[in-house]
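K.L.:
So that you have it, the file is upload_33.cif, and it contains mmCIF, C-alpha atoms and all ligand atoms:
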data_data
loop_
_atom_site.group_PDB
_atom_site.id
_atom_site.type_symbol
_atom_site.label_atom_id
_atom_site.label_comp_id
_atom_site.auth_asym_id
_atom_site.auth_seq_id
_atom_site.Cartn_x
_atom_site.Cartn_y
_atom_site.Cartn_z
ATOM 1 C CA MET A 45 0.000 0.000 0.000
ATOM 2 C CA MET A 46 1.278 3.440 -0.887
ATOM 3 C CA VAL A 47 1.723 5.890 1.980
ATOM 4 C CA ASP A 48 0.343 9.345 1.306
ATOM 5 C CA GLY A 49 2.733 11.816 2.894
ATOM 6 C CA ASN A 50 0.235 14.634 2.553
ATOM 7 C CA VAL A 51 -2.151 13.320 5.213
ATOM 8 C CA LEU A 52 -2.007 15.606 8.262
ATOM 9 C CA CYS A 53 -4.685 14.411 10.672
ATOM 10 C CA ASP A 54 -8.278 13.270 11.041
ATOM 11 C CA ALA A 55 -10.863 15.894 10.144
ATOM 12 C CA ALA A 56 -13.218 14.729 12.884
ATOM 13 C CA GLY A 57 -13.032 16.820 16.022
ATOM 14 C CA LEU A 58 -11.414 19.880 14.441
ATOM 15 C CA ASP A 59 -14.515 22.030 14.721
ATOM 16 C CA ASP A 60 -13.960 22.989 18.318
ATOM 17 C CA GLY A 61 -11.232 25.525 17.521
ATOM 18 C CA LYS A 62 -8.502 23.523 19.219
ATOM 19 C CA PRO A 63 -5.333 23.568 17.093
ATOM 20 C CA VAL A 64 -3.779 20.237 16.156
ATOM 21 C CA ALA A 65 -0.062 19.758 15.503
ATOM 22 C CA ALA A 66 0.945 18.119 12.228
ATOM 23 C CA LYS A 67 3.978 17.728 10.000
ATOM 24 C CA ASP A 68 4.297 17.805 6.255
ATOM 25 C CA SER A 69 6.114 15.124 4.292
ATOM 26 C CA GLU A 70 9.406 16.992 4.824
ATOM 27 C CA GLY A 71 8.965 17.160 8.582
ATOM 28 C CA ARG A 72 8.027 20.832 8.822
ATOM 29 C CA ASP A 73 5.760 21.759 11.701
ATOM 30 C CA LEU A 74 2.246 22.769 10.758
ATOM 31 C CA VAL A 75 -0.915 23.451 12.667
ATOM 32 C CA VAL A 76 -4.422 22.439 11.626
ATOM 33 C CA VAL A 77 -7.323 24.564 12.831
ATOM 34 C CA GLY A 78 -11.039 24.005 12.450
ATOM 35 C CA HIS A 79 -12.880 27.303 12.630
ATOM 36 C CA ALA A 80 -16.354 28.421 11.554
ATOM 37 C CA GLY A 81 -16.934 25.231 9.600
ATOM 38 C CA ARG A 82 -13.688 25.418 7.645
ATOM 39 C CA ILE A 83 -10.311 23.810 8.061
ATOM 40 C CA HIS A 84 -7.109 25.811 7.835
ATOM 41 C CA VAL A 85 -3.490 24.674 7.770
ATOM 42 C CA LEU A 86 -0.825 27.141 8.824
ATOM 43 C CA ASP A 87 2.856 27.132 9.700
ATOM 44 C CA GLY A 88 3.312 25.607 13.131
ATOM 45 C CA VAL A 89 6.137 27.778 14.455
ATOM 46 C CA CYS A 90 5.654 31.360 15.622
ATOM 47 C CA PRO A 91 7.945 33.814 13.791
ATOM 48 C CA HIS A 92 8.423 35.849 16.984
ATOM 49 C CA ARG A 93 10.407 33.463 19.193
ATOM 50 C CA GLY A 94 9.560 30.039 17.813
ATOM 51 C CA ALA A 95 6.656 28.912 19.968
ATOM 52 C CA PRO A 96 4.665 25.863 18.868
ATOM 53 C CA LEU A 97 1.451 27.397 17.582
ATOM 54 C CA ALA A 98 -0.420 24.111 18.027
ATOM 55 C CA GLU A 99 -0.296 24.874 21.760
ATOM 56 C CA GLY A 100 -2.153 28.124 21.199
ATOM 57 C CA TRP A 101 -5.858 28.750 20.796
ATOM 58 C CA VAL A 102 -8.332 30.391 18.433
ATOM 59 C CA ALA A 103 -9.991 33.708 19.256
ATOM 60 C CA ASP A 104 -11.852 36.094 16.941
ATOM 61 C CA GLY A 105 -10.800 34.136 13.864
ATOM 62 C CA CYS A 106 -7.142 34.223 14.829
ATOM 63 C CA LEU A 107 -4.689 31.602 16.030
ATOM 64 C CA VAL A 108 -3.103 33.005 19.187
ATOM 65 C CA CYS A 109 0.497 32.162 20.082
ATOM 66 C CA PRO A 110 0.758 30.602 23.553
ATOM 67 C CA TRP A 111 3.961 32.439 24.534
ATOM 68 C CA HIS A 112 3.408 36.166 23.954
ATOM 69 C CA GLY A 113 -0.007 36.388 22.356
ATOM 70 C CA TRP A 114 0.738 37.310 18.763
ATOM 71 C CA SER A 115 -2.345 36.391 16.760
ATOM 72 C CA PHE A 116 -2.526 35.199 13.167
ATOM 73 C CA ASP A 117 -5.646 35.325 11.015
ATOM 74 C CA VAL A 118 -6.515 31.683 10.326
ATOM 75 C CA LYS A 119 -7.449 32.500 6.716
ATOM 76 C CA THR A 120 -4.487 34.690 5.730
ATOM 77 C CA GLY A 121 -1.815 34.014 8.347
ATOM 78 C CA LYS A 122 -1.399 37.759 8.866
ATOM 79 C CA HIS A 123 -0.390 39.155 12.241
ATOM 80 C CA ALA A 124 0.563 42.729 11.431
ATOM 81 C CA PRO A 125 1.863 44.592 8.377
ATOM 82 C CA GLY A 126 4.813 42.615 7.086
ATOM 83 C CA VAL A 127 4.432 39.800 9.614
ATOM 84 C CA ALA A 128 2.608 36.621 8.674
ATOM 85 C CA ILE A 129 2.851 32.874 8.679
ATOM 86 C CA SER A 130 2.130 30.795 5.596
ATOM 87 C CA VAL A 131 -1.273 29.302 4.953
ATOM 88 C CA HIS A 132 -1.303 25.963 3.149
ATOM 89 C CA ALA A 133 -4.069 24.716 0.876
ATOM 90 C CA CYS A 134 -5.763 21.570 2.137
ATOM 91 C CA SER A 135 -8.696 19.320 1.432
ATOM 92 C CA VAL A 136 -10.567 16.613 3.270
ATOM 93 C CA VAL A 137 -10.598 13.197 1.628
ATOM 94 C CA ASP A 138 -12.015 10.117 3.342
ATOM 95 C CA GLY A 139 -12.109 11.956 6.655
ATOM 96 C CA LYS A 140 -8.447 12.958 6.538
ATOM 97 C CA VAL A 141 -7.037 16.458 6.194
ATOM 98 C CA ARG A 142 -4.520 16.474 3.365
ATOM 99 C CA LEU A 143 -2.203 19.098 1.997
ATOM 100 C CA LYS A 144 -2.925 19.946 -1.608
ATOM 101 C CA SER A 145 0.164 19.371 -3.673
HETATM 102 S S1 LIG Y 201 6.827 33.276 20.406
HETATM 103 FE FE1 LIG Y 201 4.879 33.681 19.566
HETATM 104 S S2 LIG Y 201 4.346 35.646 20.284
HETATM 105 FE FE2 LIG Y 201 6.352 35.271 21.070
#
Represent the supplied structure as structure tokens.
Ligand code: FES
P.N.:
Amino acid sequence: MMVDGNVLCDAAGLDDGKPVAAKDSEGRDLVVVGHAGRIHVLDGVCPHRGAPLAEGWVADGCLVCPWHGWSFDVKTGKHAPGVAISVHACSVVDGKVRLKS
């Protein structure tokens, strides 16, 4: 059986706004967030001091860093002018969140 390296996590249970840690096929840290009926995949490391964003929380449509509170729009990754994390396209297939390649 072929292993699909783009599978990040199960889609079930993501709707509660609790971020879930994941890694892409190259081992980069990502975070998967279910919010307002949609699923978003963002970079998993805060650009401020490197906190794991999967340990943060969602408030007002933003993923909040657990260390110093920077917040990133879950749709765009933006924090402030010139400061953002990447947002990665994803889809749900057979109940699994997958990165679009
Ligand atoms: S490490 Fe994220 S706000 Fe400081």
K.L.:
Do you have, as a tab-separated table, the list of residues of chain A lying at most 7 Å from ligand LIG 201 (chain Y), each with its nearest atom pair and that distance in Å to one decimal, counting all atoms listed in the file and ordered by chain then number?
P.N.:
residue	atom	partner	partner_atom	distance
A:Cys90	CA	Y:LIG201	FE1	4.6
A:Pro91	CA	Y:LIG201	FE1	6.5
A:His92	CA	Y:LIG201	S1	4.6
A:Arg93	CA	Y:LIG201	S1	3.8
A:Gly94	CA	Y:LIG201	S1	5.0
A:Ala95	CA	Y:LIG201	S1	4.4
A:Cys109	CA	Y:LIG201	FE1	4.7
A:Pro110	CA	Y:LIG201	FE1	6.5
A:Trp111	CA	Y:LIG201	FE2	5.1
A:His112	CA	Y:LIG201	S2	3.8
A:Gly113	CA	Y:LIG201	S2	4.9
A:Trp114	CA	Y:LIG201	S2	4.3
K.L.:
Excluding same-chain residues fewer than 6 positions from Val137 in chain A, what lies within 12 Å of it counting only C-alpha atoms, as a ChimeraX atom specification?
P.N.:
/A:48,50-56,143-144
K.L.:
If you measure from CA of Arg82 in chain A to CA of Gly126 in chain A, what distance in Å do you get, rounded to one decimal?
P.N.:
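Value for the CA of Arg82 in chain A-CA of Gly126 in chain A distance: 25.3 Å.
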K.L.:
I'd like the neighbourhood of His123 in chain A as a PyMOL selection string, where a residue qualifies if any of its atoms comes within 10 Å (using only C-alpha atoms), though same-chain residues fewer than 4 positions away should be ignored.
P.N.:
chain A and resi 106-108+114-118+127-129
K.L.:
Could you jot down the CA of Asp104 in chain A to CA of Ala65 in chain A separation for me, Å, one decimal place?
P.N.:
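So the answer is 20.2 Å.
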K.L.:
For Val89 in chain A, which residue among A:Val136, A:Val131, A:Val141, A:Leu74 is the nearest when counting all atoms listed in the file?
P.N.:
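Checking each of A:Val136, A:Val131, A:Val141, A:Leu74 against Val89 in chain A, counting all atoms listed in the file, the winner is A:Leu74.
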K.L.:
Which residue out of A:Gly105, A:Pro63, A:Gly100, A:Gly139 has the minimum interatomic distance to Ala80 in chain A when only C-alpha atoms are used?
P.N.:
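Result for the nearest residue to Ala80 in chain A: A:Gly105.
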K.L.:
Please write as a short mmCIF file (atom, residue, chain, number, x, y, z; two decimals) with C-alpha atoms, in the coordinates of the input the full residue list that the PyMOL selection byres (((chain A and resi 84) around 9) and not hetatm) yields on this file.
P.N.:
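Wrote out.cif, looks like this:
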data_model
loop_
_atom_site.label_atom_id
_atom_site.label_comp_id
_atom_site.auth_asym_id
_atom_site.auth_seq_id
_atom_site.Cartn_x
_atom_site.Cartn_y
_atom_site.Cartn_z
CA VAL A 75 -0.92 23.45 12.67
CA VAL A 76 -4.42 22.44 11.63
CA VAL A 77 -7.32 24.56 12.83
CA GLY A 78 -11.04 24.00 12.45
CA HIS A 79 -12.88 27.30 12.63
CA ARG A 82 -13.69 25.42 7.64
CA ILE A 83 -10.31 23.81 8.06
CA VAL A 85 -3.49 24.67 7.77
CA LEU A 86 -0.82 27.14 8.82
CA VAL A 118 -6.52 31.68 10.33
CA LYS A 119 -7.45 32.50 6.72
CA VAL A 131 -1.27 29.30 4.95
CA HIS A 132 -1.30 25.96 3.15
CA ALA A 133 -4.07 24.72 0.88
CA CYS A 134 -5.76 21.57 2.14
#
K.L.:
What gap, in Å, lies between CA of Glu99 in chain A and CA of Ser135 in chain A?
P.N.:
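One can read the CA of Glu99 in chain A to CA of Ser135 in chain A distance as 22.7 Å.
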K.L.:
Find, counting only C-alpha atoms, the residue in A:Gly81, A:Ser145, A:Ala124, A:Val102 that gets nearest to Asp68 in chain A.
P.N.:
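The closest residue to Asp68 in chain A is A:Ser145.
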